[in-house]
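See below for work_32.txt, which holds compact mmCIF, C-alpha atoms.
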```txt
# COMPACT_ATOMS: atom_id res chain seq x y z
CA MET A 158 21.39 -61.31 -37.16
CA ILE A 159 23.42 -58.52 -38.76
CA PRO A 160 26.33 -58.66 -36.29
CA ALA A 161 26.73 -62.35 -37.09
CA ALA A 162 26.96 -61.53 -40.77
CA GLN A 163 29.45 -58.77 -40.06
CA ALA A 164 31.53 -61.07 -37.91
CA ALA A 165 31.55 -63.67 -40.65
CA ALA A 166 32.63 -61.04 -43.15
CA GLU A 167 35.37 -59.71 -40.91
CA ALA A 168 36.67 -63.20 -40.23
CA HIS A 169 37.53 -63.39 -43.89
CA GLY A 170 39.38 -60.15 -43.96
CA PHE A 171 36.60 -58.00 -45.31
CA LEU A 172 37.60 -54.96 -43.34
CA SER A 173 36.00 -52.67 -45.89
CA PRO A 174 32.80 -54.10 -47.32
CA THR A 175 31.97 -53.02 -50.81
CA GLY A 176 29.52 -50.27 -51.55
CA VAL A 177 26.97 -52.78 -52.76
CA GLU A 178 27.19 -54.61 -49.46
CA ILE A 179 26.69 -51.44 -47.46
CA ALA A 180 23.72 -50.47 -49.59
CA PHE A 181 22.30 -53.98 -49.27
CA LEU A 182 22.70 -53.86 -45.50
CA LEU A 183 21.03 -50.47 -45.13
CA VAL A 184 18.12 -51.30 -47.43
CA GLY A 185 17.81 -54.65 -45.68
CA LEU A 186 17.52 -52.93 -42.31
CA VAL A 187 14.80 -50.66 -43.68
CA THR A 188 13.00 -53.68 -45.15
CA LEU A 189 13.18 -55.60 -41.90
CA GLY A 190 11.94 -52.62 -39.91
CA ALA A 191 9.04 -52.07 -42.28
CA ALA A 192 8.14 -55.77 -42.13
CA LEU A 193 8.22 -55.68 -38.32
CA VAL A 194 5.94 -52.65 -38.23
CA THR A 195 3.66 -54.40 -40.73
CA VAL A 196 3.10 -57.36 -38.45
CA THR A 197 2.96 -55.42 -35.18
CA THR A 198 1.09 -52.18 -35.86
CA ARG A 199 -2.42 -51.86 -34.54
CA GLN A 200 -3.64 -49.67 -37.38
CA LEU A 201 -4.71 -51.96 -40.15
CA VAL A 202 -4.32 -49.51 -43.04
CA HIS A 203 -0.87 -48.55 -41.81
CA ALA A 204 0.10 -52.22 -41.98
CA ALA A 205 -0.73 -52.27 -45.69
CA LEU A 206 1.23 -49.05 -46.27
CA TRP A 207 4.29 -50.35 -44.40
CA LEU A 208 4.03 -53.48 -46.52
CA VAL A 209 4.66 -51.19 -49.51
CA VAL A 210 7.93 -50.06 -47.90
CA ALA A 211 8.99 -53.65 -47.22
CA LEU A 212 8.19 -54.85 -50.74
CA GLY A 213 9.82 -51.79 -52.32
CA GLY A 214 12.93 -52.42 -50.24
CA LEU A 215 12.99 -55.97 -51.54
CA ALA A 216 12.76 -54.61 -55.09
CA VAL A 217 15.85 -52.50 -54.37
CA GLU A 218 17.59 -55.62 -53.07
CA TYR A 219 16.80 -57.39 -56.33
CA LEU A 220 18.30 -54.46 -58.20
CA LEU A 221 21.46 -54.70 -56.08
CA LEU A 222 21.62 -58.40 -56.92
CA THR A 223 21.50 -57.39 -60.62
CA ALA A 224 18.12 -59.03 -61.17
CA GLU A 225 16.55 -56.02 -62.86
CA PHE A 226 13.55 -57.67 -64.43
CA ILE A 227 12.50 -59.33 -61.17
CA ALA A 228 12.79 -55.97 -59.43
CA TRP A 229 10.45 -54.23 -61.83
CA VAL A 230 8.03 -57.15 -61.78
CA GLN A 231 8.09 -56.91 -57.99
CA VAL A 232 7.26 -53.21 -58.12
CA LEU A 233 4.53 -53.71 -60.70
CA ILE A 234 2.78 -56.73 -59.21
CA TYR A 235 3.35 -56.45 -55.47
CA VAL A 236 3.44 -52.72 -54.88
CA GLY A 237 1.13 -51.99 -57.77
CA SER A 238 -1.59 -54.56 -57.48
CA VAL A 239 -1.29 -56.81 -54.43
CA VAL A 240 -1.15 -53.98 -51.92
CA VAL A 241 -4.00 -52.20 -53.67
CA LEU A 242 -5.99 -55.43 -53.51
CA LEU A 243 -5.21 -55.73 -49.80
CA LEU A 244 -6.33 -52.15 -49.21
CA PHE A 245 -9.54 -52.91 -51.13
CA GLY A 246 -10.04 -55.93 -48.91
CA LEU A 247 -9.50 -53.88 -45.77
CA MET A 248 -12.02 -51.31 -46.92
CA LEU A 249 -14.60 -53.87 -48.04
CA THR A 250 -14.45 -55.77 -44.77
CA LYS A 251 -15.09 -52.50 -42.92
CA ALA A 252 -11.75 -52.56 -41.13
CA PRO A 253 -11.49 -49.87 -38.46
CA ILE A 254 -9.49 -46.88 -39.64
CA GLY A 255 -8.01 -45.90 -36.30
CA ARG A 256 -6.11 -48.15 -33.99
CA SER A 257 -7.91 -51.36 -33.15
CA PRO A 258 -6.89 -52.90 -29.83
CA ASP A 259 -7.76 -56.45 -30.91
CA ALA A 260 -5.43 -56.63 -33.91
CA ASP A 261 -3.37 -59.36 -32.26
CA SER A 262 -4.88 -62.61 -31.12
CA GLY A 263 -4.38 -64.30 -27.78
CA ASN A 264 -1.64 -66.65 -28.92
CA ARG A 265 0.85 -63.84 -29.34
CA PRO A 266 3.47 -65.22 -26.89
CA ALA A 267 3.40 -68.55 -28.69
CA ALA A 268 3.78 -66.72 -32.01
CA VAL A 269 6.77 -64.79 -30.68
CA ALA A 270 8.34 -68.01 -29.42
CA VAL A 271 7.84 -69.82 -32.72
CA ALA A 272 9.10 -66.87 -34.77
CA VAL A 273 12.20 -66.38 -32.63
CA ALA A 274 12.95 -70.09 -32.73
CA ALA A 275 12.52 -70.17 -36.51
CA ALA A 276 14.70 -67.08 -36.96
CA ALA A 277 17.42 -68.42 -34.69
CA ALA A 278 17.49 -71.83 -36.35
CA LEU A 279 17.42 -70.47 -39.90
CA VAL A 280 20.02 -67.76 -39.32
CA TRP A 281 22.32 -70.17 -37.53
CA VAL A 282 22.12 -72.77 -40.28
CA VAL A 283 22.48 -70.20 -43.07
CA VAL A 284 25.43 -68.39 -41.51
CA ASP A 285 27.12 -71.67 -40.71
CA ALA A 286 26.62 -72.99 -44.21
CA PHE A 287 27.52 -69.94 -46.30
CA ARG A 288 30.23 -68.31 -44.20
CA THR A 289 32.80 -68.56 -46.95
CA THR A 290 30.63 -67.88 -49.96
CA TRP A 291 30.67 -64.75 -52.01
CA ILE A 292 28.43 -63.70 -54.85
CA ASP A 293 30.33 -62.46 -57.86
CA LEU A 294 28.36 -59.45 -58.99
CA ASP A 295 30.88 -58.30 -61.58
CA GLY A 296 30.52 -59.08 -65.23
CA ALA A 297 27.34 -59.42 -67.20
CA VAL A 298 24.05 -58.51 -65.61
CA GLN A 299 22.35 -61.68 -64.45
CA GLY A 300 18.72 -60.75 -64.81
CA SER A 301 18.27 -58.07 -67.44
CA THR A 302 15.05 -58.08 -69.39
CA LYS A 303 16.78 -59.55 -72.41
CA VAL A 304 18.24 -62.46 -70.47
CA SER A 305 15.02 -63.09 -68.57
CA GLY A 306 12.93 -63.04 -71.73
CA GLU A 307 15.26 -65.41 -73.51
CA ILE A 308 15.38 -67.99 -70.75
CA LEU A 309 11.67 -67.64 -70.04
CA PHE A 310 10.54 -68.20 -73.61
CA ARG A 311 13.26 -70.63 -74.62
CA HIS A 312 13.53 -72.99 -71.67
CA TRP A 313 10.51 -72.30 -69.48
CA VAL A 314 7.72 -71.99 -72.02
CA LEU A 315 5.65 -74.93 -70.82
CA PRO A 316 5.59 -73.89 -67.13
CA PHE A 317 4.85 -70.35 -68.29
CA GLU A 318 1.78 -71.48 -70.24
CA ALA A 319 0.63 -73.68 -67.36
CA LEU A 320 0.97 -70.67 -65.10
CA SER A 321 -1.19 -68.56 -67.40
CA VAL A 322 -3.89 -71.24 -67.22
CA LEU A 323 -3.56 -71.19 -63.43
CA LEU A 324 -3.99 -67.42 -63.40
CA LEU A 325 -7.08 -67.75 -65.57
CA ALA A 326 -8.49 -70.37 -63.21
CA ALA A 327 -7.79 -68.11 -60.25
CA LEU A 328 -9.51 -65.22 -62.00
CA VAL A 329 -12.60 -67.29 -62.73
CA GLY A 330 -12.57 -68.66 -59.18
CA ALA A 331 -12.37 -65.20 -57.65
CA ILE A 332 -15.25 -64.00 -59.81
CA VAL A 333 -17.39 -67.01 -58.88
CA LEU A 334 -16.61 -66.60 -55.19
CA SER A 335 -17.29 -62.90 -54.99
CA ARG A 336 -20.42 -62.92 -57.17
CA LYS A 337 -23.56 -62.05 -55.26
CA LYS A 338 -26.00 -64.93 -55.35
CA LYS A 339 -29.53 -64.28 -56.45
CA GLU A 340 -32.41 -65.11 -54.15
CA GLY A 341 -33.78 -68.12 -55.99
CA GLU A 342 -30.40 -69.63 -56.71
CA ARG A 343 -28.86 -72.50 -54.76
CA MET B 128 28.85 -59.55 -52.02
CA HIS B 129 28.72 -62.04 -49.21
CA LEU B 130 25.96 -64.60 -49.72
CA VAL B 131 25.09 -64.42 -46.03
CA TYR B 132 23.54 -60.96 -46.36
CA PRO B 133 20.60 -61.93 -48.59
CA ALA B 134 20.26 -65.34 -46.91
CA VAL B 135 20.02 -63.84 -43.41
CA LEU B 136 17.66 -61.13 -44.60
CA ALA B 137 15.43 -63.77 -46.17
CA ALA B 138 15.48 -65.89 -43.01
CA LEU B 139 14.54 -62.95 -40.81
CA LEU B 140 11.77 -61.85 -43.18
CA PHE B 141 10.41 -65.38 -43.15
CA ALA B 142 10.42 -65.42 -39.34
CA ILE B 143 8.58 -62.08 -39.27
CA GLY B 144 6.02 -63.53 -41.64
CA VAL B 145 5.59 -66.58 -39.40
CA TYR B 146 4.97 -64.30 -36.44
CA GLY B 147 2.41 -62.32 -38.41
CA VAL B 148 0.54 -65.41 -39.55
CA LEU B 149 0.36 -66.77 -36.02
CA ALA B 150 -0.36 -63.56 -34.12
CA ARG B 151 -2.75 -61.60 -36.28
CA ARG B 152 -6.52 -61.82 -35.97
CA ASN B 153 -7.69 -60.09 -39.11
CA ALA B 154 -7.61 -62.47 -42.06
CA ILE B 155 -6.30 -59.77 -44.41
CA LEU B 156 -3.36 -59.10 -42.11
CA VAL B 157 -2.67 -62.83 -42.16
CA LEU B 158 -2.60 -62.62 -45.96
CA MET B 159 -0.08 -59.75 -45.72
CA SER B 160 2.16 -61.89 -43.55
CA VAL B 161 1.92 -64.72 -46.07
CA GLU B 162 3.09 -62.24 -48.70
CA LEU B 163 6.12 -61.44 -46.54
CA MET B 164 6.98 -65.13 -46.30
CA LEU B 165 6.66 -65.59 -50.07
CA ASN B 166 8.92 -62.59 -50.62
CA ALA B 167 11.55 -64.07 -48.33
CA VAL B 168 11.53 -67.19 -50.50
CA ASN B 169 11.82 -65.02 -53.62
CA LEU B 170 14.86 -63.23 -52.23
CA ASN B 171 16.51 -66.56 -51.53
CA LEU B 172 15.77 -67.77 -55.05
CA VAL B 173 17.22 -64.67 -56.67
CA ALA B 174 20.32 -64.64 -54.47
CA PHE B 175 21.13 -68.28 -55.10
CA ASP B 176 20.45 -67.91 -58.81
CA VAL B 177 22.89 -65.02 -59.01
CA TRP B 178 25.43 -66.89 -56.91
CA LEU B 179 25.29 -70.10 -58.95
CA ARG B 180 25.20 -68.27 -62.30
CA ASP B 181 22.75 -70.84 -63.57
CA THR B 182 22.63 -70.93 -67.36
CA LEU B 183 18.92 -71.69 -67.34
CA HIS B 184 18.32 -69.04 -64.65
CA ALA B 185 15.98 -71.44 -62.88
CA GLY B 186 15.92 -69.28 -59.77
CA GLN B 187 14.73 -66.17 -61.54
CA ALA B 188 12.18 -68.08 -63.61
CA LEU B 189 10.87 -69.70 -60.43
CA THR B 190 10.74 -66.28 -58.78
CA LEU B 191 8.55 -64.98 -61.58
CA PHE B 192 6.31 -68.04 -61.20
CA THR B 193 6.14 -67.53 -57.45
CA ILE B 194 5.13 -63.90 -57.91
CA ALA B 195 2.36 -64.94 -60.30
CA VAL B 196 1.16 -67.68 -57.97
CA ALA B 197 1.21 -65.20 -55.08
CA ALA B 198 -0.94 -62.82 -57.11
CA ALA B 199 -3.42 -65.62 -57.81
CA GLU B 200 -3.34 -66.61 -54.15
CA ILE B 201 -4.04 -63.09 -52.95
CA GLY B 202 -6.96 -62.79 -55.39
CA ILE B 203 -8.57 -66.04 -54.31
CA GLY B 204 -7.78 -65.38 -50.65
CA LEU B 205 -9.37 -61.95 -50.69
CA ALA B 206 -12.44 -63.34 -52.48
CA ILE B 207 -12.79 -65.99 -49.77
CA VAL B 208 -12.30 -63.44 -46.99
CA LEU B 209 -14.90 -61.16 -48.52
CA MET B 210 -17.35 -64.06 -48.86
CA VAL B 211 -16.79 -65.07 -45.24
CA HIS B 212 -17.24 -61.46 -44.18
CA ARG B 213 -20.48 -61.26 -46.13
CA ASN B 214 -21.83 -64.48 -44.66
CA LYS B 215 -20.59 -64.22 -41.08
CA GLY B 216 -20.16 -60.47 -40.63
CA THR B 217 -16.54 -60.75 -39.51
CA ALA B 218 -13.09 -61.30 -40.97
CA ASP B 219 -11.67 -62.30 -37.60
CA VAL B 220 -10.02 -65.70 -37.80
CA ASP B 221 -10.44 -66.29 -34.07
CA ARG B 222 -14.21 -66.06 -34.36
CA LEU B 223 -14.57 -68.44 -37.31
CA ARG B 224 -14.94 -71.57 -35.25
CA ASP B 225 -17.46 -73.56 -37.26
CA THR B 226 -15.23 -76.58 -37.65
CA ALA B 227 -13.73 -76.41 -34.16
CA GLU B 228 -14.56 -79.17 -31.74
CA ASP B 229 -16.55 -77.35 -29.14
CA PRO B 230 -19.03 -79.25 -27.00
CA HIS B 231 -21.16 -76.16 -26.35
CA ASP B 232 -22.51 -75.51 -29.82
CA SER B 233 -22.41 -78.94 -31.39
CA SER B 234 -25.87 -78.48 -32.88
CA ASP B 235 -24.68 -75.46 -34.85
CA GLU B 236 -21.51 -77.24 -35.86
CA THR B 237 -23.22 -79.98 -37.81
CA SER B 238 -25.18 -77.58 -39.97
CA THR B 239 -22.27 -75.33 -40.89
CA ASP B 240 -19.71 -78.08 -41.25
CA GLY B 241 -17.32 -77.89 -44.18
CA THR B 242 -18.38 -76.55 -47.51
CA SER B 243 -22.07 -77.16 -46.90
CA GLY B 244 -22.32 -73.93 -44.89
CA GLY B 245 -24.69 -72.32 -47.35
CA THR B 246 -26.96 -69.37 -47.44
CA PRO B 247 -29.42 -70.14 -44.61
CA THR B 248 -26.81 -70.66 -41.89
CA GLY B 249 -24.79 -67.78 -43.21
CA GLU B 250 -27.75 -65.47 -42.95
CA LYS B 251 -28.42 -66.71 -39.44
CA ALA B 252 -24.84 -66.02 -38.42
CA GLU B 253 -25.00 -62.61 -40.02
CA ALA B 254 -28.20 -61.84 -38.17
CA THR B 255 -26.64 -62.75 -34.86
CA ALA B 256 -23.38 -60.94 -35.54
```
Starting from the coordinates I provided, produce the structure as structure tokens.
Amino acid sequence: MIPAAQAAAEAHGFLSPTGVEIAFLLVGLVTLGAALVTVTTRQLVHAALWLVVALGGLAVEYLLLTAEFIAWVQVLIYVGSVVVLLLFGLMLTKAPIGRSPDADSGNRPAAVAVAVAAAAALVWVVVDAFRTTWIDLDGAVQGSTKVSGEILFRHWVLPFEALSVLLLAALVGAIVLSRKKKEGER
Amino acid sequence: MHLVYPAVLAALLFAIGVYGVLARRNAILVLMSVELMLNAVNLNLVAFDVWLRDTLHAGQALTLFTIAVAAAEIGIGLAIVLMVHRNKGTADVDRLRDTAEDPHDSSDETSTDGTSGGTPTGEKAEATA
């Protein structure tokens, strides 16, 4: 994983990675660790709270990639609403607060095998393909709010409107699904 | 910055999400793992958008759309999980075996098959749970 990336960087004479790279690496390690704890912890509420760390780390990664608007949208929507929704769901389904021994199902070895195979294949392909590719982070900021607003409302207006209709449909669907049915109905 | 850093991070996050989807029992934890996978895709989109310096910024626009779709998905998913929990008394994906081919309870399977699993069978399952 990371050693492979470092080896690829050193092969191209990057003896001293830039500060952005070091920051990206450290925040990426924190994100990966938080994601691992999220999928392996036996305390369900802790999983949701570690998910906050993982998603916040990803927001920092977006900031390091100069995509500011995406980063703040990530913080607002994921950390702000999705995790709160997940916590609501955990509470409403009467999830056990302490550690629950049956958090993992019986097909855990198969899951580990599939995940390791997927990780190995993806990392191998990605490292092999982009060994000699660098992102140029200098110059103008790629994803400031001004730039994002301009491209979103100049070139992507139609998908944007379709997406708002989709969100409305999802809202109506969630209300219909979670509405308590009366006795005589249905 | 080397492009491999965000690409490898996204690949590993995706693999972690795959593990979570396959190994977790609670449906809400499965939804969390799906969120991790979607975020891995988002990181890839942003990284490649910044690398290619796309004039339309298709990657970032698509990331915003993915985030919105993920929000819709989590809303609908939680509503479904809550409805299943209300009807069956559990949010455990291993115990929701209505559509599984099991020779032992084939009589129960026909009544709760598909979307026709309405209020009477749900109440029965809740009473037994």
Atom CA of B:Ala137 to atom CA of A:Ala327, straight-line distance in Å: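 Distance between the two atoms: 27.5 Å.
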Would you give me, as a PDB file with C-alpha atoms, in the frame of the given file, the residues of chain A that come within 6 Å of chain B, using all atoms listed in the file?
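Saved file out_28.pdb follows:
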```pdb
ATOM      1  CA  GLU A 178      27.190 -54.610 -49.460  1.00  0.00           C
ATOM      2  CA  VAL A 196       3.100 -57.360 -38.450  1.00  0.00           C
ATOM      3  CA  ALA A 260      -5.430 -56.630 -33.910  1.00  0.00           C
ATOM      4  CA  ASP A 261      -3.370 -59.360 -32.260  1.00  0.00           C
ATOM      5  CA  SER A 262      -4.880 -62.610 -31.120  1.00  0.00           C
ATOM      6  CA  ARG A 265       0.850 -63.840 -29.340  1.00  0.00           C
ATOM      7  CA  ALA A 268       3.780 -66.720 -32.010  1.00  0.00           C
ATOM      8  CA  ALA A 272       9.100 -66.870 -34.770  1.00  0.00           C
ATOM      9  CA  ALA A 275      12.520 -70.170 -36.510  1.00  0.00           C
ATOM     10  CA  ALA A 276      14.700 -67.080 -36.960  1.00  0.00           C
ATOM     11  CA  LEU A 279      17.420 -70.470 -39.900  1.00  0.00           C
ATOM     12  CA  VAL A 280      20.020 -67.760 -39.320  1.00  0.00           C
ATOM     13  CA  THR A 290      30.630 -67.880 -49.960  1.00  0.00           C
ATOM     14  CA  TRP A 291      30.670 -64.750 -52.010  1.00  0.00           C
ATOM     15  CA  ILE A 292      28.430 -63.700 -54.850  1.00  0.00           C
ATOM     16  CA  LEU A 324      -3.990 -67.420 -63.400  1.00  0.00           C
ATOM     17  CA  ALA A 327      -7.790 -68.110 -60.250  1.00  0.00           C
ATOM     18  CA  ALA A 331     -12.370 -65.200 -57.650  1.00  0.00           C
ATOM     19  CA  LEU A 334     -16.610 -66.600 -55.190  1.00  0.00           C
ATOM     20  CA  SER A 335     -17.290 -62.900 -54.990  1.00  0.00           C
TER      21      SER A 335
END
```
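Here atom CA of A:Thr302 and atom CA of A:Phe226 stand 5.2 Å from one another.
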Could you state the separation of atom CA of A:Leu189 and atom CA of A:Ala205 in Å, given to one decimal place?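 These two atoms are separated by 14.8 Å.
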Please return as a ChimeraX atom specification every residue within 12 Å of (15.8, -52.3, -43.2), taking into account only C-alpha atoms and the file's own coordinates. /A:159,179-194,207,210-215,217-218 /B:136-137,139-140
Missing atoms in stretch 282-307 of chain A: can you complete it with N, CA, C and O atoms, as a PDB file, in the frame of the given file?
```
ATOM      1  N   VAL A 282      21.797 -71.818 -39.210  1.00  0.00           N
ATOM      2  CA  VAL A 282      22.120 -72.770 -40.280  1.00  0.00           C
ATOM      3  C   VAL A 282      22.698 -72.040 -41.490  1.00  0.00           C
ATOM      4  O   VAL A 282      23.728 -72.442 -42.060  1.00  0.00           O
ATOM      5  N   VAL A 283      22.061 -70.914 -41.857  1.00  0.00           N
ATOM      6  CA  VAL A 283      22.480 -70.200 -43.070  1.00  0.00           C
ATOM      7  C   VAL A 283      23.867 -69.612 -42.904  1.00  0.00           C
ATOM      8  O   VAL A 283      24.726 -69.734 -43.790  1.00  0.00           O
ATOM      9  N   VAL A 284      24.119 -68.996 -41.738  1.00  0.00           N
ATOM     10  CA  VAL A 284      25.430 -68.390 -41.510  1.00  0.00           C
ATOM     11  C   VAL A 284      26.497 -69.466 -41.444  1.00  0.00           C
ATOM     12  O   VAL A 284      27.602 -69.322 -41.987  1.00  0.00           O
ATOM     13  N   ASP A 285      26.146 -70.588 -40.817  1.00  0.00           N
ATOM     14  CA  ASP A 285      27.120 -71.670 -40.710  1.00  0.00           C
ATOM     15  C   ASP A 285      27.435 -72.274 -42.077  1.00  0.00           C
ATOM     16  O   ASP A 285      28.571 -72.677 -42.343  1.00  0.00           O
ATOM     17  N   ALA A 286      26.416 -72.316 -42.940  1.00  0.00           N
ATOM     18  CA  ALA A 286      26.620 -72.990 -44.210  1.00  0.00           C
ATOM     19  C   ALA A 286      27.336 -72.103 -45.225  1.00  0.00           C
ATOM     20  O   ALA A 286      28.168 -72.584 -45.996  1.00  0.00           O
ATOM     21  N   PHE A 287      27.028 -70.814 -45.234  1.00  0.00           N
ATOM     22  CA  PHE A 287      27.520 -69.940 -46.300  1.00  0.00           C
ATOM     23  C   PHE A 287      28.501 -68.900 -45.782  1.00  0.00           C
ATOM     24  O   PHE A 287      28.541 -67.785 -46.279  1.00  0.00           O
ATOM     25  N   ARG A 288      29.287 -69.275 -44.760  1.00  0.00           N
ATOM     26  CA  ARG A 288      30.230 -68.310 -44.200  1.00  0.00           C
ATOM     27  C   ARG A 288      31.276 -67.903 -45.223  1.00  0.00           C
ATOM     28  O   ARG A 288      31.752 -66.787 -45.238  1.00  0.00           O
ATOM     29  N   THR A 289      31.666 -68.810 -46.054  1.00  0.00           N
ATOM     30  CA  THR A 289      32.800 -68.560 -46.950  1.00  0.00           C
ATOM     31  C   THR A 289      32.362 -68.435 -48.399  1.00  0.00           C
ATOM     32  O   THR A 289      33.104 -68.783 -49.311  1.00  0.00           O
ATOM     33  N   THR A 290      31.160 -67.935 -48.606  1.00  0.00           N
ATOM     34  CA  THR A 290      30.630 -67.880 -49.960  1.00  0.00           C
ATOM     35  C   THR A 290      30.399 -66.441 -50.365  1.00  0.00           C
ATOM     36  O   THR A 290      29.785 -65.690 -49.611  1.00  0.00           O
ATOM     37  N   TRP A 291      30.879 -66.101 -51.523  1.00  0.00           N
ATOM     38  CA  TRP A 291      30.670 -64.750 -52.010  1.00  0.00           C
ATOM     39  C   TRP A 291      29.952 -64.790 -53.353  1.00  0.00           C
ATOM     40  O   TRP A 291      30.201 -65.687 -54.170  1.00  0.00           O
ATOM     41  N   ILE A 292      29.077 -63.833 -53.556  1.00  0.00           N
ATOM     42  CA  ILE A 292      28.430 -63.700 -54.850  1.00  0.00           C
ATOM     43  C   ILE A 292      29.290 -62.809 -55.725  1.00  0.00           C
ATOM     44  O   ILE A 292      29.714 -61.735 -55.293  1.00  0.00           O
ATOM     45  N   ASP A 293      29.543 -63.260 -56.930  1.00  0.00           N
ATOM     46  CA  ASP A 293      30.330 -62.460 -57.860  1.00  0.00           C
ATOM     47  C   ASP A 293      29.374 -61.603 -58.676  1.00  0.00           C
ATOM     48  O   ASP A 293      28.693 -62.105 -59.571  1.00  0.00           O
ATOM     49  N   LEU A 294      29.320 -60.322 -58.325  1.00  0.00           N
ATOM     50  CA  LEU A 294      28.360 -59.450 -58.990  1.00  0.00           C
ATOM     51  C   LEU A 294      28.971 -58.733 -60.192  1.00  0.00           C
ATOM     52  O   LEU A 294      28.287 -57.985 -60.870  1.00  0.00           O
ATOM     53  N   ASP A 295      30.264 -58.948 -60.423  1.00  0.00           N
ATOM     54  CA  ASP A 295      30.880 -58.300 -61.580  1.00  0.00           C
ATOM     55  C   ASP A 295      30.496 -59.050 -62.846  1.00  0.00           C
ATOM     56  O   ASP A 295      29.977 -60.149 -62.820  1.00  0.00           O
ATOM     57  N   GLY A 296      30.809 -58.424 -63.964  1.00  0.00           N
ATOM     58  CA  GLY A 296      30.520 -59.080 -65.230  1.00  0.00           C
ATOM     59  C   GLY A 296      29.134 -58.758 -65.721  1.00  0.00           C
ATOM     60  O   GLY A 296      28.542 -57.738 -65.369  1.00  0.00           O
ATOM     61  N   ALA A 297      28.617 -59.675 -66.543  1.00  0.00           N
ATOM     62  CA  ALA A 297      27.340 -59.420 -67.200  1.00  0.00           C
ATOM     63  C   ALA A 297      26.216 -59.394 -66.168  1.00  0.00           C
ATOM     64  O   ALA A 297      26.272 -60.061 -65.147  1.00  0.00           O
ATOM     65  N   VAL A 298      25.215 -58.597 -66.470  1.00  0.00           N
ATOM     66  CA  VAL A 298      24.050 -58.510 -65.610  1.00  0.00           C
ATOM     67  C   VAL A 298      23.290 -59.836 -65.671  1.00  0.00           C
ATOM     68  O   VAL A 298      23.076 -60.384 -66.756  1.00  0.00           O
ATOM     69  N   GLN A 299      22.924 -60.343 -64.494  1.00  0.00           N
ATOM     70  CA  GLN A 299      22.350 -61.680 -64.450  1.00  0.00           C
ATOM     71  C   GLN A 299      20.890 -61.712 -64.885  1.00  0.00           C
ATOM     72  O   GLN A 299      20.442 -62.690 -65.444  1.00  0.00           O
ATOM     73  N   GLY A 300      20.161 -60.651 -64.591  1.00  0.00           N
ATOM     74  CA  GLY A 300      18.720 -60.750 -64.810  1.00  0.00           C
ATOM     75  C   GLY A 300      18.156 -59.576 -65.574  1.00  0.00           C
ATOM     76  O   GLY A 300      17.114 -59.050 -65.228  1.00  0.00           O
ATOM     77  N   SER A 301      18.858 -59.145 -66.636  1.00  0.00           N
ATOM     78  CA  SER A 301      18.270 -58.070 -67.440  1.00  0.00           C
ATOM     79  C   SER A 301      17.048 -58.591 -68.180  1.00  0.00           C
ATOM     80  O   SER A 301      16.798 -59.800 -68.236  1.00  0.00           O
ATOM     81  N   THR A 302      16.280 -57.674 -68.718  1.00  0.00           N
ATOM     82  CA  THR A 302      15.050 -58.080 -69.390  1.00  0.00           C
ATOM     83  C   THR A 302      15.325 -58.985 -70.572  1.00  0.00           C
ATOM     84  O   THR A 302      14.579 -59.931 -70.830  1.00  0.00           O
ATOM     85  N   LYS A 303      16.435 -58.713 -71.262  1.00  0.00           N
ATOM     86  CA  LYS A 303      16.780 -59.550 -72.410  1.00  0.00           C
ATOM     87  C   LYS A 303      17.053 -60.987 -71.970  1.00  0.00           C
ATOM     88  O   LYS A 303      16.486 -61.946 -72.515  1.00  0.00           O
ATOM     89  N   VAL A 304      17.890 -61.118 -70.943  1.00  0.00           N
ATOM     90  CA  VAL A 304      18.240 -62.460 -70.470  1.00  0.00           C
ATOM     91  C   VAL A 304      16.995 -63.179 -69.947  1.00  0.00           C
ATOM     92  O   VAL A 304      16.742 -64.352 -70.272  1.00  0.00           O
ATOM     93  N   SER A 305      16.194 -62.457 -69.146  1.00  0.00           N
ATOM     94  CA  SER A 305      15.020 -63.090 -68.570  1.00  0.00           C
ATOM     95  C   SER A 305      14.041 -63.531 -69.648  1.00  0.00           C
ATOM     96  O   SER A 305      13.497 -64.636 -69.587  1.00  0.00           O
ATOM     97  N   GLY A 306      13.842 -62.665 -70.659  1.00  0.00           N
ATOM     98  CA  GLY A 306      12.930 -63.040 -71.730  1.00  0.00           C
ATOM     99  C   GLY A 306      13.415 -64.244 -72.496  1.00  0.00           C
ATOM    100  O   GLY A 306      12.641 -65.151 -72.815  1.00  0.00           O
ATOM    101  N   GLU A 307      14.726 -64.276 -72.754  1.00  0.00           N
ATOM    102  CA  GLU A 307      15.260 -65.410 -73.510  1.00  0.00           C
ATOM    103  C   GLU A 307      15.088 -66.719 -72.750  1.00  0.00           C
ATOM    104  O   GLU A 307      14.600 -67.709 -73.310  1.00  0.00           O
TER     105      GLU A 307
END
```
